[in-house]
Amino acid sequence: METGAGRVKLTIAYDGTRYHGWQVQKNADTVQKRLGDALCGLFNEKIDVTGCSRTDSGVHALGFCCHFDKSSPFPTAHLPAALNARLPQDISVLKASDVPGDFHARYDCKSKTYRYLIYNSSERSPFYINRAEFFSGSLDIGKMRSEAESLIGTHDFRAFMATGSKIEDTVRTVYSVSLEKASELICFEICGDGFLYNMVRIIAGTLIDAGRGKAKMPMSDIISSRRRENAGKTAAPCGLYLKQVTY
């Protein structure tokens, strides 16, 4: 077991409800800040943490990855327990592992999988507040599933990018999608090589429109149009989870 100085990858989970996203911001509480403070308290020095991506305010993570460099001989295997003792209960370090010095949590990422939850019932549930998008109307799950299949492949996803984003290269590859309903909970998952700003939430809003028979056009035509106004609303951040990152 490596215990000396070196680069460490952390896999963390968090409830993003009370945080202004992952990235450190002035005068705002963020997950990166809390994790950095915990590392500072453990190692008694300022430590920079680099994340695999940014998540917005209210967005959650089941398997977010980040890395940092440690200079002291603290056993890597003991890091989860040591950091969790210093973190709030809505942030948890699940795993720590030693990685090569040139590993980068963001640039070495091969794919990300996101999950979006929709609570579809006539009445809201207190147990899914801040955990899922609430929709009380009827939704055609078969229609939503068939429309989601059109996302698979390499496409220009500009229609699903937030207005005002400065990104020029909007081509991404979606490897797989799934959409299932268990009782009142609809679970949509999408895996791809990368995602544009608000892309998954806009897709989720578009699928809701398809399910309620209100989509402006088929998903394939929305993709081809490359126009944001043809897609649905940006679904609420509370339903979005970064599920898994692969390297």
# chains A, B, ... in the order shown; residues from 1 in each chain; ligands from 1
$ residues_around --residues "Glu45 (chain A)" --least-positions-apart "6" --cutoff "10 Å" --atoms "only C-alpha atoms" --output "PyMOL selection string"
chain A and resi 36-37+39+70-71
$ write_last_selection --atoms "C-alpha atoms" --output "mmCIF file, in the first residue's frame"
data_model
loop_
_atom_site.group_PDB
_atom_site.id
_atom_site.type_symbol
_atom_site.label_atom_id
_atom_site.label_comp_id
_atom_site.auth_asym_id
_atom_site.auth_seq_id
_atom_site.Cartn_x
_atom_site.Cartn_y
_atom_site.Cartn_z
ATOM 1 C CA GLY A 36 -10.750 21.408 0.546
ATOM 2 C CA ASP A 37 -11.384 22.540 4.126
ATOM 3 C CA LEU A 39 -8.177 18.161 3.551
ATOM 4 C CA LYS A 70 -0.595 14.787 -0.760
ATOM 5 C CA SER A 71 2.872 15.484 0.572
#
$ closest_atom_pairs --of "region 187-247 of chain A" --to "region 106-111 of chain A" --cutoff "8 Å" --atoms "only C-alpha atoms" --output "Markdown table"
| residue | atom | partner | partner_atom | distance |
| --- | --- | --- | --- | --- |
| A:Cys191 | CA | A:Ser111 | CA | 6.7 |
| A:Gly192 | CA | A:Ser111 | CA | 5.4 |
| A:Asp193 | CA | A:Ser111 | CA | 4.3 |
| A:Gly194 | CA | A:Ser111 | CA | 6.4 |
| A:Val245 | CA | A:Ser111 | CA | 6.0 |
| A:Thr246 | CA | A:Ser111 | CA | 5.3 |
| A:Tyr247 | CA | A:Cys109 | CA | 4.8 |
$ select_by_dssp --residues "region 40-195 of chain A" --states "strand (DSSP E or B)" --output "number ranges by chain"
A: 50-51, 60-70, 91-99, 111-120, 133-135, 153-156, 171-182, 185-192
$ closest_atom_pairs --of "region 96-159 of chain A" --to "region 206-229 of chain A" --cutoff "7 Å" --atoms "only C-alpha atoms" --output "JSON lines"
{"residue": "A:Ser138", "atom": "CA", "partner": "A:Arg212", "partner_atom": "CA", "distance": 6.4}
{"residue": "A:Leu139", "atom": "CA", "partner": "A:Gly211", "partner_atom": "CA", "distance": 4.5}
{"residue": "A:Asp140", "atom": "CA", "partner": "A:Gly211", "partner_atom": "CA", "distance": 4.5}
{"residue": "A:Ile141", "atom": "CA", "partner": "A:Gly211", "partner_atom": "CA", "distance": 6.3}
{"residue": "A:Lys143", "atom": "CA", "partner": "A:Gly211", "partner_atom": "CA", "distance": 5.9}
{"residue": "A:Met144", "atom": "CA", "partner": "A:Gly211", "partner_atom": "CA", "distance": 5.2}
{"residue": "A:Glu147", "atom": "CA", "partner": "A:Met219", "partner_atom": "CA", "distance": 5.7}
{"residue": "A:Ser150", "atom": "CA", "partner": "A:Ser220", "partner_atom": "CA", "distance": 5.7}
{"residue": "A:Asp156", "atom": "CA", "partner": "A:Ile223", "partner_atom": "CA", "distance": 6.9}
{"residue": "A:Phe157", "atom": "CA", "partner": "A:Ile223", "partner_atom": "CA", "distance": 6.1}
{"residue": "A:Arg158", "atom": "CA", "partner": "A:Arg226", "partner_atom": "CA", "distance": 5.0}
{"residue": "A:Ala159", "atom": "CA", "partner": "A:Arg228", "partner_atom": "CA", "distance": 4.1}
$ write_last_selection --atoms "N, CA, C and O atoms" --output "short mmCIF file (atom, residue, chain, number, x, y, z; two decimals), in the first residue's frame"
data_model
loop_
_atom_site.label_atom_id
_atom_site.label_comp_id
_atom_site.auth_asym_id
_atom_site.auth_seq_id
_atom_site.Cartn_x
_atom_site.Cartn_y
_atom_site.Cartn_z
N SER A 138 -50.19 12.91 -16.55
CA SER A 138 -49.96 11.59 -17.14
C SER A 138 -48.79 11.65 -18.12
O SER A 138 -48.66 12.61 -18.88
N LEU A 139 -47.93 10.63 -18.09
CA LEU A 139 -46.78 10.56 -18.98
C LEU A 139 -46.77 9.21 -19.70
O LEU A 139 -46.95 8.16 -19.07
N ASP A 140 -46.53 9.25 -20.99
CA ASP A 140 -46.44 8.04 -21.81
C ASP A 140 -44.99 7.55 -21.76
O ASP A 140 -44.13 8.07 -22.47
N ILE A 141 -44.73 6.54 -20.92
CA ILE A 141 -43.37 6.07 -20.72
C ILE A 141 -42.81 5.44 -21.99
O ILE A 141 -41.63 5.63 -22.32
N LYS A 143 -43.46 6.27 -25.08
CA LYS A 143 -43.08 7.36 -25.97
C LYS A 143 -41.78 8.01 -25.51
O LYS A 143 -40.88 8.29 -26.33
N MET A 144 -41.64 8.24 -24.22
CA MET A 144 -40.42 8.83 -23.69
C MET A 144 -39.22 7.93 -23.97
O MET A 144 -38.14 8.40 -24.36
N GLU A 147 -38.27 8.02 -27.74
CA GLU A 147 -37.64 9.30 -28.08
C GLU A 147 -36.21 9.36 -27.55
O GLU A 147 -35.31 9.89 -28.20
N SER A 150 -33.29 8.03 -29.69
CA SER A 150 -32.76 8.86 -30.77
C SER A 150 -31.49 9.60 -30.36
O SER A 150 -30.76 10.13 -31.21
N ASP A 156 -24.51 16.52 -33.10
CA ASP A 156 -24.35 17.90 -32.65
C ASP A 156 -25.52 18.19 -31.72
O ASP A 156 -26.67 18.27 -32.16
N PHE A 157 -25.23 18.34 -30.43
CA PHE A 157 -26.29 18.51 -29.42
C PHE A 157 -26.51 19.97 -29.05
O PHE A 157 -26.95 20.27 -27.95
N ARG A 158 -26.26 20.88 -29.98
CA ARG A 158 -26.41 22.31 -29.69
C ARG A 158 -27.82 22.66 -29.22
O ARG A 158 -28.00 23.57 -28.41
N ALA A 159 -28.83 21.95 -29.68
CA ALA A 159 -30.21 22.23 -29.28
C ALA A 159 -30.44 21.99 -27.80
O ALA A 159 -31.41 22.49 -27.23
#
$ closest_atom_pairs --of "region 148-213 of chain A" --to "region 53-61 of chain A" --cutoff "10 Å" --atoms "only C-alpha atoms" --output "tab-separated table"
residue	atom	partner	partner_atom	distance
A:Gly194	CA	A:Ser53	CA	9.7
A:Phe195	CA	A:Ser53	CA	9.9
A:Tyr197	CA	A:Arg54	CA	9.4
A:Asn198	CA	A:Asp56	CA	8.8
$ select_by_dssp --residues "region 20-225 of chain A" --states "alpha helix (DSSP H)" --output "number ranges by chain"
A: 31-43, 79-84, 141-149, 199-211, 219-225
$ write_last_selection --atoms "C-alpha atoms" --output "PDB file, in the first residue's frame"
ATOM      1  CA  VAL A  31     -18.738  20.967  -2.249  1.00  0.00           C
ATOM      2  CA  GLN A  32     -15.193  21.708  -3.432  1.00  0.00           C
ATOM      3  CA  LYS A  33     -14.751  24.229  -0.634  1.00  0.00           C
ATOM      4  CA  ARG A  34     -15.976  21.781   2.009  1.00  0.00           C
ATOM      5  CA  LEU A  35     -13.704  19.023   0.729  1.00  0.00           C
ATOM      6  CA  GLY A  36     -10.750  21.408   0.546  1.00  0.00           C
ATOM      7  CA  ASP A  37     -11.384  22.540   4.126  1.00  0.00           C
ATOM      8  CA  ALA A  38     -11.485  18.902   5.289  1.00  0.00           C
ATOM      9  CA  LEU A  39      -8.177  18.161   3.551  1.00  0.00           C
ATOM     10  CA  CYS A  40      -6.645  21.304   5.028  1.00  0.00           C
ATOM     11  CA  GLY A  41      -7.733  20.217   8.495  1.00  0.00           C
ATOM     12  CA  LEU A  42      -6.304  16.751   7.993  1.00  0.00           C
ATOM     13  CA  PHE A  43      -2.946  17.714   6.478  1.00  0.00           C
ATOM     14  CA  LEU A  79      -8.540   8.792   3.939  1.00  0.00           C
ATOM     15  CA  PRO A  80     -12.293   8.107   3.579  1.00  0.00           C
ATOM     16  CA  ALA A  81     -12.818   7.692   7.338  1.00  0.00           C
ATOM     17  CA  ALA A  82     -10.519  10.595   8.200  1.00  0.00           C
ATOM     18  CA  LEU A  83     -12.172  12.993   5.760  1.00  0.00           C
ATOM     19  CA  ASN A  84     -15.725  11.898   6.534  1.00  0.00           C
ATOM     20  CA  ILE A 141     -43.369   6.065 -20.720  1.00  0.00           C
ATOM     21  CA  GLY A 142     -43.186   4.126 -23.982  1.00  0.00           C
ATOM     22  CA  LYS A 143     -43.077   7.361 -25.973  1.00  0.00           C
ATOM     23  CA  MET A 144     -40.418   8.829 -23.692  1.00  0.00           C
ATOM     24  CA  ARG A 145     -38.310   5.683 -24.018  1.00  0.00           C
ATOM     25  CA  SER A 146     -38.511   5.596 -27.829  1.00  0.00           C
ATOM     26  CA  GLU A 147     -37.636   9.298 -28.083  1.00  0.00           C
ATOM     27  CA  ALA A 148     -34.655   8.806 -25.770  1.00  0.00           C
ATOM     28  CA  GLU A 149     -33.259   6.156 -28.125  1.00  0.00           C
ATOM     29  CA  MET A 199     -27.612  19.192 -21.596  1.00  0.00           C
ATOM     30  CA  VAL A 200     -29.038  16.386 -19.437  1.00  0.00           C
ATOM     31  CA  ARG A 201     -31.583  18.658 -17.765  1.00  0.00           C
ATOM     32  CA  ILE A 202     -32.773  20.005 -21.125  1.00  0.00           C
ATOM     33  CA  ILE A 203     -33.050  16.453 -22.457  1.00  0.00           C
ATOM     34  CA  ALA A 204     -35.083  15.518 -19.367  1.00  0.00           C
ATOM     35  CA  GLY A 205     -37.415  18.468 -19.941  1.00  0.00           C
ATOM     36  CA  THR A 206     -37.799  17.469 -23.586  1.00  0.00           C
ATOM     37  CA  LEU A 207     -38.639  13.876 -22.615  1.00  0.00           C
ATOM     38  CA  ILE A 208     -41.303  15.139 -20.212  1.00  0.00           C
ATOM     39  CA  ASP A 209     -42.823  17.125 -23.092  1.00  0.00           C
ATOM     40  CA  ALA A 210     -42.754  13.988 -25.266  1.00  0.00           C
ATOM     41  CA  GLY A 211     -44.419  11.959 -22.526  1.00  0.00           C
ATOM     42  CA  MET A 219     -36.248  14.122 -30.764  1.00  0.00           C
ATOM     43  CA  SER A 220     -34.332  13.325 -33.955  1.00  0.00           C
ATOM     44  CA  ASP A 221     -35.647  16.501 -35.593  1.00  0.00           C
ATOM     45  CA  ILE A 222     -34.780  18.583 -32.518  1.00  0.00           C
ATOM     46  CA  ILE A 223     -31.210  17.284 -32.721  1.00  0.00           C
ATOM     47  CA  SER A 224     -30.996  18.062 -36.446  1.00  0.00           C
ATOM     48  CA  SER A 225     -32.387  21.562 -35.956  1.00  0.00           C
TER      49      SER A 225
END
$ atom_distance --atom1 "CA of Arg115 (chain A)" --atom2 "CA of Leu240 (chain A)"
5.9 Å
$ residues_around --residues "Phe134 (chain A)" --least-positions-apart "5" --cutoff "12 Å" --atoms "only C-alpha atoms" --output "ChimeraX atom specification"
/A:116-129,184-186,205,208,235-239
$ closest_residue --among "A:Thr50, A:Asn44, A:Ser178, A:Thr113" --to "Val24 (chain A)" --atoms "only C-alpha atoms"
A:Thr50
$ decode --residues "region 39-72 of chain A" --atoms "C-alpha atoms" --output "CSV table (one decimal), in the first residue's frame"
chain,number,residue,atom,x,y,z
A,39,LEU,CA,-8.2,18.2,3.6
A,40,CYS,CA,-6.6,21.3,5.0
A,41,GLY,CA,-7.7,20.2,8.5
A,42,LEU,CA,-6.3,16.8,8.0
A,43,PHE,CA,-2.9,17.7,6.5
A,44,ASN,CA,-2.6,21.1,8.1
A,45,GLU,CA,-1.9,22.8,4.7
A,46,LYS,CA,-3.9,24.2,1.8
A,47,ILE,CA,-4.6,21.5,-0.7
A,48,ASP,CA,-6.1,22.1,-4.1
A,49,VAL,CA,-8.8,19.6,-5.3
A,50,THR,CA,-9.5,19.1,-9.0
A,51,GLY,CA,-12.9,17.7,-9.9
A,52,CYS,CA,-14.0,15.7,-12.9
A,53,SER,CA,-16.6,18.3,-13.9
A,54,ARG,CA,-18.7,21.1,-12.4
A,55,THR,CA,-22.2,20.5,-11.0
A,56,ASP,CA,-24.8,23.2,-10.6
A,57,SER,CA,-26.5,24.4,-7.5
A,58,GLY,CA,-28.9,21.7,-6.2
A,59,VAL,CA,-27.4,18.9,-8.4
A,60,HIS,CA,-26.4,15.6,-6.6
A,61,ALA,CA,-23.6,13.1,-7.1
A,62,LEU,CA,-23.5,9.3,-6.5
A,63,GLY,CA,-19.9,8.9,-7.8
A,64,PHE,CA,-18.1,12.2,-8.4
A,65,CYS,CA,-14.4,11.9,-8.9
A,66,CYS,CA,-11.6,14.3,-8.0
A,67,HIS,CA,-7.9,14.3,-7.3
A,68,PHE,CA,-5.4,16.0,-5.1
A,69,ASP,CA,-1.7,15.8,-4.3
A,70,LYS,CA,-0.6,14.8,-0.8
A,71,SER,CA,2.9,15.5,0.6
A,72,SER,CA,2.7,13.6,3.9
